[in-house]
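Q: So here's data.cif (mmCIF, C-alpha atoms).
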```
data_data
#
loop_
_atom_site.label_atom_id
_atom_site.label_comp_id
_atom_site.auth_asym_id
_atom_site.auth_seq_id
_atom_site.Cartn_x
_atom_site.Cartn_y
_atom_site.Cartn_z
CA MET A 1 -9.45 22.10 -19.45
CA MET A 2 -9.71 19.39 -22.13
CA ASN A 3 -7.14 17.29 -20.27
CA LYS A 4 -9.20 17.56 -17.11
CA PHE A 5 -12.23 16.28 -18.99
CA LEU A 6 -10.40 13.45 -20.76
CA ASN A 7 -8.53 12.30 -17.67
CA PRO A 8 -9.93 13.92 -14.51
CA PHE A 9 -8.21 11.28 -12.38
CA LYS A 10 -4.85 12.91 -12.90
CA TYR A 11 -6.07 16.07 -11.17
CA LEU A 12 -8.98 15.00 -8.98
CA SER A 13 -8.38 14.90 -5.23
CA LEU A 14 -9.48 11.68 -3.54
CA ARG A 15 -11.91 13.59 -1.31
CA LYS A 16 -13.70 15.07 -4.33
CA ALA A 17 -13.73 11.68 -6.08
CA TRP A 18 -15.38 10.08 -3.02
CA CYS A 19 -17.94 12.90 -2.63
CA TRP A 20 -18.95 12.99 -6.32
CA GLY A 21 -18.92 9.21 -6.63
CA ILE A 22 -21.10 8.58 -3.55
CA ALA A 23 -23.45 11.46 -4.40
CA ALA A 24 -23.88 10.08 -7.94
CA LEU A 25 -24.57 6.60 -6.55
CA ILE A 26 -27.25 7.93 -4.16
CA LEU A 27 -28.92 10.03 -6.88
CA ALA A 28 -28.77 7.11 -9.32
CA SER A 29 -30.37 4.82 -6.71
CA VAL A 30 -33.28 7.23 -6.25
CA TYR A 31 -33.64 7.66 -10.00
CA TYR A 32 -33.59 3.88 -10.61
CA TRP A 33 -36.20 3.37 -7.89
CA MET A 34 -38.47 6.11 -9.26
CA ASN A 35 -38.30 4.63 -12.78
CA GLY A 36 -38.52 0.98 -11.73
CA LEU A 37 -35.02 0.21 -13.01
CA ARG A 38 -32.91 -2.59 -11.57
CA PRO A 39 -29.23 -3.32 -12.42
CA THR A 40 -28.67 -6.96 -13.41
CA SER A 41 -24.93 -6.82 -14.22
CA LEU A 42 -22.16 -4.30 -14.80
CA THR A 43 -23.93 -2.76 -17.81
CA GLN A 44 -27.40 -4.28 -17.92
CA LEU A 45 -30.72 -3.13 -16.46
CA ASP A 46 -34.29 -4.34 -16.41
CA PHE A 47 -37.59 -2.83 -15.33
CA GLY A 48 -38.01 -5.16 -12.33
CA GLY A 49 -37.05 -2.61 -9.67
CA SER A 50 -39.60 -1.74 -7.03
CA ARG A 51 -37.74 -0.86 -3.83
CA LEU A 52 -35.22 1.85 -3.09
CA TRP A 53 -32.99 -0.40 -0.98
CA ILE A 54 -32.72 -2.97 -3.78
CA ALA A 55 -31.64 -0.31 -6.29
CA THR A 56 -29.13 1.11 -3.78
CA ALA A 57 -27.78 -2.29 -2.74
CA ARG A 58 -27.39 -3.50 -6.33
CA LEU A 59 -25.67 -0.31 -7.52
CA THR A 60 -23.37 -0.41 -4.48
CA ALA A 61 -22.61 -4.10 -5.10
CA VAL A 62 -21.73 -3.45 -8.76
CA TRP A 63 -19.40 -0.62 -7.78
CA LEU A 64 -17.73 -2.59 -4.95
CA ILE A 65 -17.30 -5.77 -7.02
CA TYR A 66 -15.69 -3.65 -9.74
CA ALA A 67 -13.41 -1.90 -7.23
CA VAL A 68 -12.37 -5.17 -5.53
CA ILE A 69 -11.52 -6.85 -8.87
CA MET A 70 -9.63 -3.72 -10.00
CA TYR A 71 -7.70 -3.77 -6.72
CA ILE A 72 -6.82 -7.48 -6.92
CA VAL A 73 -5.66 -7.23 -10.55
CA GLY A 74 -3.78 -4.00 -9.72
CA VAL A 75 -1.95 -5.58 -6.76
CA ALA A 76 -1.08 -8.65 -8.86
CA ALA A 77 0.14 -6.77 -11.93
CA SER A 78 1.47 -3.39 -10.78
CA ARG A 79 4.92 -2.70 -9.42
CA SER A 80 3.53 0.30 -7.51
CA LYS A 81 1.77 0.15 -4.19
CA VAL A 82 -1.98 -0.01 -4.90
CA ARG A 83 -4.42 1.29 -2.27
CA PHE A 84 -8.02 0.12 -2.18
CA GLY A 85 -9.21 3.63 -1.22
CA ASP A 86 -7.78 5.13 -4.44
CA VAL A 87 -9.27 2.41 -6.62
CA ALA A 88 -12.71 2.61 -4.95
CA ALA A 89 -12.86 6.42 -5.06
CA PHE A 90 -11.82 6.68 -8.72
CA SER A 91 -14.08 3.83 -9.85
CA ALA A 92 -17.03 5.47 -8.05
CA PHE A 93 -16.36 8.74 -9.90
CA ALA A 94 -15.80 6.93 -13.22
CA ARG A 95 -19.32 5.46 -13.09
CA ILE A 96 -20.95 8.90 -13.45
CA PRO A 97 -21.19 8.71 -17.30
CA PHE A 98 -22.91 5.32 -16.99
CA TYR A 99 -25.53 6.77 -14.64
CA LEU A 100 -26.00 9.66 -17.11
CA SER A 101 -26.58 7.19 -19.96
CA THR A 102 -29.53 5.71 -18.06
CA LEU A 103 -31.25 9.12 -17.78
CA MET A 104 -32.88 8.46 -21.15
CA PHE A 105 -35.22 6.01 -19.41
CA ALA A 106 -36.87 9.04 -17.78
CA ILE A 107 -38.33 9.89 -21.22
CA PRO A 108 -41.70 8.05 -21.37
CA SER A 109 -41.49 7.13 -25.08
CA VAL A 110 -37.97 5.70 -24.67
CA LYS A 111 -39.05 3.78 -21.58
CA SER A 112 -42.06 2.24 -23.33
CA VAL A 113 -40.04 1.23 -26.43
CA PHE A 114 -37.36 -0.40 -24.28
CA ALA A 115 -40.05 -2.15 -22.26
CA LEU A 116 -41.31 -3.62 -25.55
CA THR A 117 -37.83 -4.88 -26.50
CA MET A 118 -37.28 -6.38 -23.04
CA ASP A 119 -40.65 -8.15 -23.26
CA GLY A 120 -39.60 -9.61 -26.61
CA ASN A 121 -42.11 -7.58 -28.69
CA LEU A 122 -39.48 -6.72 -31.27
CA ASN A 123 -41.96 -6.20 -34.11
CA ALA A 124 -43.82 -3.59 -32.09
CA ALA A 125 -40.55 -1.95 -31.01
CA MET A 126 -39.33 -1.75 -34.63
CA GLN A 127 -42.12 0.75 -35.38
CA TYR A 128 -39.99 3.20 -33.39
CA VAL A 129 -36.75 2.40 -35.21
CA ASN A 130 -35.76 6.09 -35.54
CA LEU A 131 -36.09 6.62 -31.81
CA LEU A 132 -34.19 3.40 -31.09
CA SER A 133 -31.39 4.44 -33.46
CA LEU A 134 -31.08 7.89 -31.87
CA VAL A 135 -31.03 6.43 -28.36
CA GLY A 136 -28.53 3.81 -29.53
CA VAL A 137 -26.11 6.41 -30.92
CA VAL A 138 -26.35 8.64 -27.83
CA SER A 139 -25.91 5.62 -25.53
CA LEU A 140 -22.91 4.41 -27.53
CA ILE A 141 -21.17 7.79 -27.25
CA ILE A 142 -21.78 7.97 -23.50
CA LEU A 143 -20.71 4.33 -23.02
CA ILE A 144 -17.41 4.99 -24.86
CA TRP A 145 -16.88 7.99 -22.55
CA TRP A 146 -17.69 5.79 -19.54
CA ILE A 147 -15.29 2.97 -20.54
CA TYR A 148 -12.55 5.51 -21.29
CA TRP A 149 -12.98 7.02 -17.84
CA GLU A 150 -13.02 3.58 -16.24
CA TYR A 151 -9.73 2.78 -17.96
CA GLN A 152 -8.18 6.08 -16.85
CA ALA A 153 -9.40 5.50 -13.28
CA PHE A 154 -7.85 2.01 -13.33
CA SER A 155 -4.61 3.26 -14.89
CA GLU A 156 -4.15 6.17 -12.44
CA SER A 157 -5.02 4.20 -9.32
CA THR A 158 -2.82 1.19 -10.17
CA ASN A 159 -0.07 2.82 -12.29
CA LEU A 160 -0.67 0.28 -15.07
CA LYS A 161 -0.24 1.88 -18.49
CA SER A 162 0.00 1.11 -22.23
CA GLY A 163 -0.32 -2.53 -23.36
CA LYS A 164 -0.13 -4.06 -19.90
CA GLY A 165 -2.66 -1.55 -18.57
CA VAL A 166 -5.13 -2.14 -21.40
CA GLY A 167 -4.77 -5.93 -21.09
CA CYS A 168 -5.35 -5.84 -17.34
CA PHE A 169 -8.31 -3.48 -17.77
CA ILE A 170 -9.96 -5.83 -20.29
CA LEU A 171 -9.45 -8.68 -17.80
CA VAL A 172 -10.99 -6.56 -15.01
CA TYR A 173 -13.95 -5.67 -17.22
CA ILE A 174 -14.68 -9.29 -18.20
CA LEU A 175 -14.27 -10.58 -14.63
CA THR A 176 -16.52 -7.83 -13.27
CA TYR A 177 -19.16 -8.43 -15.93
CA VAL A 178 -19.31 -12.14 -15.06
CA ALA A 179 -19.07 -11.62 -11.28
CA THR A 180 -21.79 -8.95 -11.13
CA GLY A 181 -24.08 -11.05 -13.34
CA LEU A 182 -23.67 -14.00 -10.98
CA LEU A 183 -23.68 -12.22 -7.62
CA ILE A 184 -26.21 -9.37 -7.66
CA ARG A 185 -29.11 -11.66 -8.50
CA PHE A 186 -29.02 -12.68 -4.83
CA ILE A 187 -29.97 -9.14 -3.75
CA MET B 188 28.22 33.27 -19.16
CA SER B 189 24.58 32.22 -19.11
CA ASN B 190 23.42 30.20 -16.10
CA ASN B 191 20.58 28.71 -18.15
CA LYS B 192 22.85 26.35 -20.05
CA ARG B 193 21.68 22.77 -19.80
CA LEU B 194 24.11 20.01 -18.92
CA PRO B 195 24.17 17.55 -21.81
CA LYS B 196 23.97 13.93 -20.67
CA ILE B 197 23.93 12.05 -23.96
CA CYS B 198 26.61 12.23 -26.65
CA PRO B 199 25.15 13.92 -29.76
CA ALA B 200 27.48 11.85 -31.98
CA CYS B 201 26.88 8.29 -30.78
CA GLY B 202 24.12 8.52 -28.15
CA GLY B 203 26.45 7.24 -25.39
CA ARG B 204 26.36 8.54 -21.84
CA LEU B 205 28.65 11.53 -21.23
CA HIS B 206 31.14 11.77 -18.35
CA VAL B 207 32.58 14.89 -16.74
CA GLN B 208 36.08 15.34 -18.12
CA ALA B 209 37.23 18.50 -16.36
CA MET B 210 36.27 20.70 -13.42
CA SER B 211 37.66 24.06 -12.45
CA CYS B 212 37.64 26.27 -9.35
CA GLU B 213 35.91 29.61 -9.91
CA GLU B 214 38.12 31.25 -7.24
CA CYS B 215 41.65 30.24 -8.28
CA ASP B 216 41.05 28.64 -11.69
CA THR B 217 42.59 25.32 -10.62
CA ARG B 218 41.61 22.62 -13.08
CA ILE B 219 41.08 18.95 -12.36
CA GLU B 220 40.87 16.51 -15.21
CA GLY B 221 39.73 12.91 -15.24
CA SER B 222 36.69 10.86 -16.07
CA PHE B 223 33.90 11.31 -13.56
CA PRO B 224 30.54 9.65 -14.15
CA LEU B 225 27.50 11.86 -13.54
CA PRO B 226 25.54 11.05 -10.36
CA GLN B 227 22.37 9.02 -11.01
CA LEU B 228 20.09 11.92 -10.05
CA MET B 229 21.78 14.08 -12.69
CA LEU B 230 20.91 11.48 -15.33
CA LEU B 231 17.17 11.94 -14.76
CA SER B 232 15.24 14.31 -17.02
CA GLU B 233 15.03 17.91 -15.88
CA GLU B 234 11.32 17.49 -15.02
CA ASP B 235 12.12 14.44 -12.89
CA GLN B 236 14.99 16.27 -11.17
CA GLN B 237 12.61 19.13 -10.37
CA PHE B 238 10.08 16.63 -9.04
CA VAL B 239 12.72 15.08 -6.74
CA MET B 240 13.73 18.58 -5.61
CA ASP B 241 10.09 19.50 -4.85
CA PHE B 242 9.59 16.18 -3.07
CA VAL B 243 12.54 16.86 -0.75
CA MET B 244 11.37 20.45 -0.16
CA CYS B 245 7.93 19.09 0.83
CA SER B 246 9.63 16.84 3.43
CA GLY B 247 8.64 13.80 1.38
CA SER B 248 4.91 14.43 1.75
CA LEU B 249 3.08 13.18 -1.35
CA LYS B 250 -0.09 14.84 -0.12
CA GLU B 251 1.65 18.21 0.00
CA MET B 252 3.19 17.52 -3.41
CA ALA B 253 -0.24 16.74 -4.85
CA ALA B 254 -1.58 20.05 -3.53
CA LYS B 255 1.44 21.98 -4.80
CA LEU B 256 1.37 20.43 -8.30
CA LYS B 257 -2.47 20.45 -8.44
CA LEU B 258 -2.43 16.73 -9.26
CA SER B 259 -4.23 13.81 -7.65
CA TYR B 260 -2.43 11.83 -4.95
CA PRO B 261 -2.21 8.61 -7.05
CA SER B 262 -0.78 10.63 -9.97
CA VAL B 263 2.00 12.02 -7.81
CA ARG B 264 2.70 8.59 -6.32
CA ASN B 265 2.81 7.07 -9.83
CA ARG B 266 5.29 9.72 -10.93
CA LEU B 267 7.49 8.94 -7.92
CA ASP B 268 7.26 5.20 -8.65
CA ASP B 269 8.28 5.85 -12.27
CA ILE B 270 11.30 7.85 -11.06
CA ILE B 271 12.23 5.04 -8.64
CA ASP B 272 12.03 2.58 -11.57
CA GLU B 273 14.19 4.87 -13.69
CA LEU B 274 16.79 5.22 -10.91
CA GLY B 275 16.80 1.43 -10.51
CA ARG B 276 17.42 1.04 -14.23
CA LEU B 277 20.22 3.62 -14.16
CA THR B 278 21.85 1.90 -11.18
CA ALA B 279 21.69 -1.46 -12.97
CA ASP B 280 23.20 0.14 -16.10
CA MET B 281 26.05 1.70 -14.10
CA ASP B 282 26.71 -1.59 -12.29
CA SER B 283 26.88 -3.47 -15.58
CA VAL B 284 29.31 -0.89 -17.02
CA GLU B 285 31.56 -1.12 -13.93
CA HIS B 286 31.69 -4.92 -14.12
#
```
Here is a file; write its structure as structure tokens.

A:
Amino acid sequence: MMNKFLNPFKYLSLRKAWCWGIAALILASVYYWMNGLRPTSLTQLDFGGSRLWIATARLTAVWLIYAVIMYIVGVAASRSKVRFGDVAAFSAFARIPFYLSTLMFAIPSVKSVFALTMDGNLNAAMQYVNLLSLVGVVSLIILIWWIYWEYQAFSESTNLKSGKGVGCFILVYILTYVATGLLIRFI
Amino acid sequence: MSNNKRLPKICPACGGRLHVQAMSCEECDTRIEGSFPLPQLMLLSEEDQQFVMDFVMCSGSLKEMAAKLKLSYPSVRNRLDDIIDELGRLTADMDSVEH
């Protein structure tokens, strides 16, 4: 059971990965739209979202850019045959913890404090330092879970392991972060 | 005699690869002696040998293997790729010993 939680990609059928991944993306799009959230890169959000299609298109773009870069690095570095379908399905499923980490923005007090920090009103936001610390710790735990799952998804779908796998994953992460930051602003 | 005995492949004294030195017929007790290297498949771990066996029994269908082993398709394919790598390494080792 613990193994299935730590590395679900070893056991998860591709059909289930696709279904869960796409369902999570659709639900996240609706949630982002309802809360005015808008992805601006692989890990960053702002409160500039107003339309459902923009939230959906940006979340889809982030996922696809990630999957394409994973696939290219996997094909270049792995001795195994890498299939885009495997990479895309597993990376879609691996994003679920990230979507969960953004659920905290549904709490009105958290949303208003983060709005203050994004507007640059740091002095006002610091009045809620306990809340910010709690949210920070919870977010950090979920983000570690998310990155661990992303690595496992990359490793299972490309058969890249240990030092080479970690090195390639860091490269994928950096490339995706830069590419999403540059590209999704056009949506 | 127990049928669960495991064939040793590595020398416990020096860590070298073991060869078959003698074989005998169960019917007439004829004995043949010599130095016969183990086939490459026999040099794989028991888990890998079982995997190869299951793979053949599933007519080489990775999808069927994934369902049988309750693993994801990429996991099964990775395991097969690792076995192919291992067989390649064993073949290269055997070639270098022969030359």

Q: Considering all atoms listed in the file, tabulate each residue of chain B that lies at most 10 Å from chain A along with its nearest interatomic pair and the corresponding distance in Å to one decimal; arrange the rows by chain and ascending residue number and present them as a Markdown table.

A:
```
| residue | atom | partner | partner_atom | distance |
| --- | --- | --- | --- | --- |
| B:Lys250 | CA | A:Ser13 | CA | 9.7 |
| B:Ala253 | CA | A:Ser13 | CA | 8.4 |
| B:Ala254 | CA | A:Ser13 | CA | 8.7 |
| B:Leu256 | CA | A:Tyr11 | CA | 9.1 |
| B:Lys257 | CA | A:Tyr11 | CA | 6.3 |
| B:Leu258 | CA | A:Tyr11 | CA | 4.2 |
| B:Ser259 | CA | A:Tyr11 | CA | 4.6 |
| B:Tyr260 | CA | A:Ser13 | CA | 6.7 |
| B:Pro261 | CA | A:Ser157 | CA | 5.7 |
| B:Ser262 | CA | A:Lys10 | CA | 5.5 |
| B:Val263 | CA | A:Lys10 | CA | 8.6 |
| B:Arg264 | CA | A:Ser80 | CA | 8.4 |
| B:Asn265 | CA | A:Asn159 | CA | 5.7 |
| B:Arg266 | CA | A:Asn159 | CA | 8.8 |
| B:Leu267 | CA | A:Ser80 | CA | 9.5 |
| B:Asp268 | CA | A:Ser80 | CA | 6.3 |
| B:Asp269 | CA | A:Ser80 | CA | 8.7 |
| B:Ile271 | CA | A:Ser80 | CA | 10.0 |
| B:Asp272 | CA | A:Arg79 | CA | 9.1 |
```

Q: I need the residue set behind the PyMOL selection byres ((chain A and resi 50-66) around 7) for this file; please write it as number ranges by chain.

A: A: 29-30, 32-33, 36, 38-39, 42, 48-49, 67-70, 92, 176, 180, 184, 187

Q: What does the distance from CA of Tyr173 in chain A to CA of Ala28 in chain A come to in Å, to one decimal?

A: 21.1 Å

Q: Evaluate the PyMOL selection byres ((chain A and resi 105-109) around 10) and record the selected residues as a PyMOL selection string, following the chain and residue labels used in the document.

A: chain A and resi 31-32+34-37+101-104+110-115+128+131+135

Q: Can you tell me, as a list in words, which residues sit within 8 Å of (33.0, 15.5, -18.2) in the file's frame, using all atoms listed in the file?

A: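 Answer for this query, in the requested form: Leu205, His206, Val207, Gln208, Ala209, Met210, Gly221, Ser222, Phe223 and Pro224 of chain B.
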
Q: Could you work out an axis-aligned box for range 225-236 of chain B, taking every atom the file lists and adding 5 Å on each side, and report centre and edge lengths in Å to one decimal, as JSON?

A:
```
{"center_x": 19.4, "center_y": 13.5, "center_z": -13.5, "size_x": 26.2, "size_y": 18.9, "size_z": 17.0}
```

Q: Quick one: pull the distance between CA of Pro195 in chain B and CA of Asp241 in chain B, Å, one decimal.

A: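 Interatomic distance here is 22.1 Å.
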
Q: May I have the residues within 12 Å of range 280-282 of chain B as a list in words, using only C-alpha atoms and disregarding those fewer than 3 positions away in the same chain?

A: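 Contacts, with the query itself left out: Arg204, Pro224, Leu225, Pro226, Gln227, Leu230, Glu273, Leu274, Gly275, Arg276, Leu277, Glu285 and His286 of chain B.
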
Q: Do you have the CA of Gly85 in chain A-CA of Leu175 in chain A distance handy?

A: 20.2 Å

Q: Go through the shown structure with the PyMOL selection byres ((chain B and resi 238) around 10) and write out the matching residues as a list in words.

A: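 When the PyMOL selection byres ((chain B and resi 238) around 10) is applied, the selected residues are Ser232, Glu233, Glu234, Asp235, Gln236, Gln237, Val239, Met240, Asp241, Phe242, Val243, Met244, Met252, Leu256, Val263, Arg266, Leu267 and Ile270 of chain B.
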
Q: Quick one: residues within 12 Å of Phe5 in chain A, all atoms listed in the file counted, chain neighbours fewer than 5 positions away excluded, as a VMD selection string?

A: chain A and resid 10 to 12 94 97 145 to 146 148 to 149 152

Q: Of the candidates A:Phe169, A:Tyr177, A:Phe186, A:Phe154, which one gets nearest to Phe93 in chain A if we count only C-alpha atoms?

A: A:Phe154
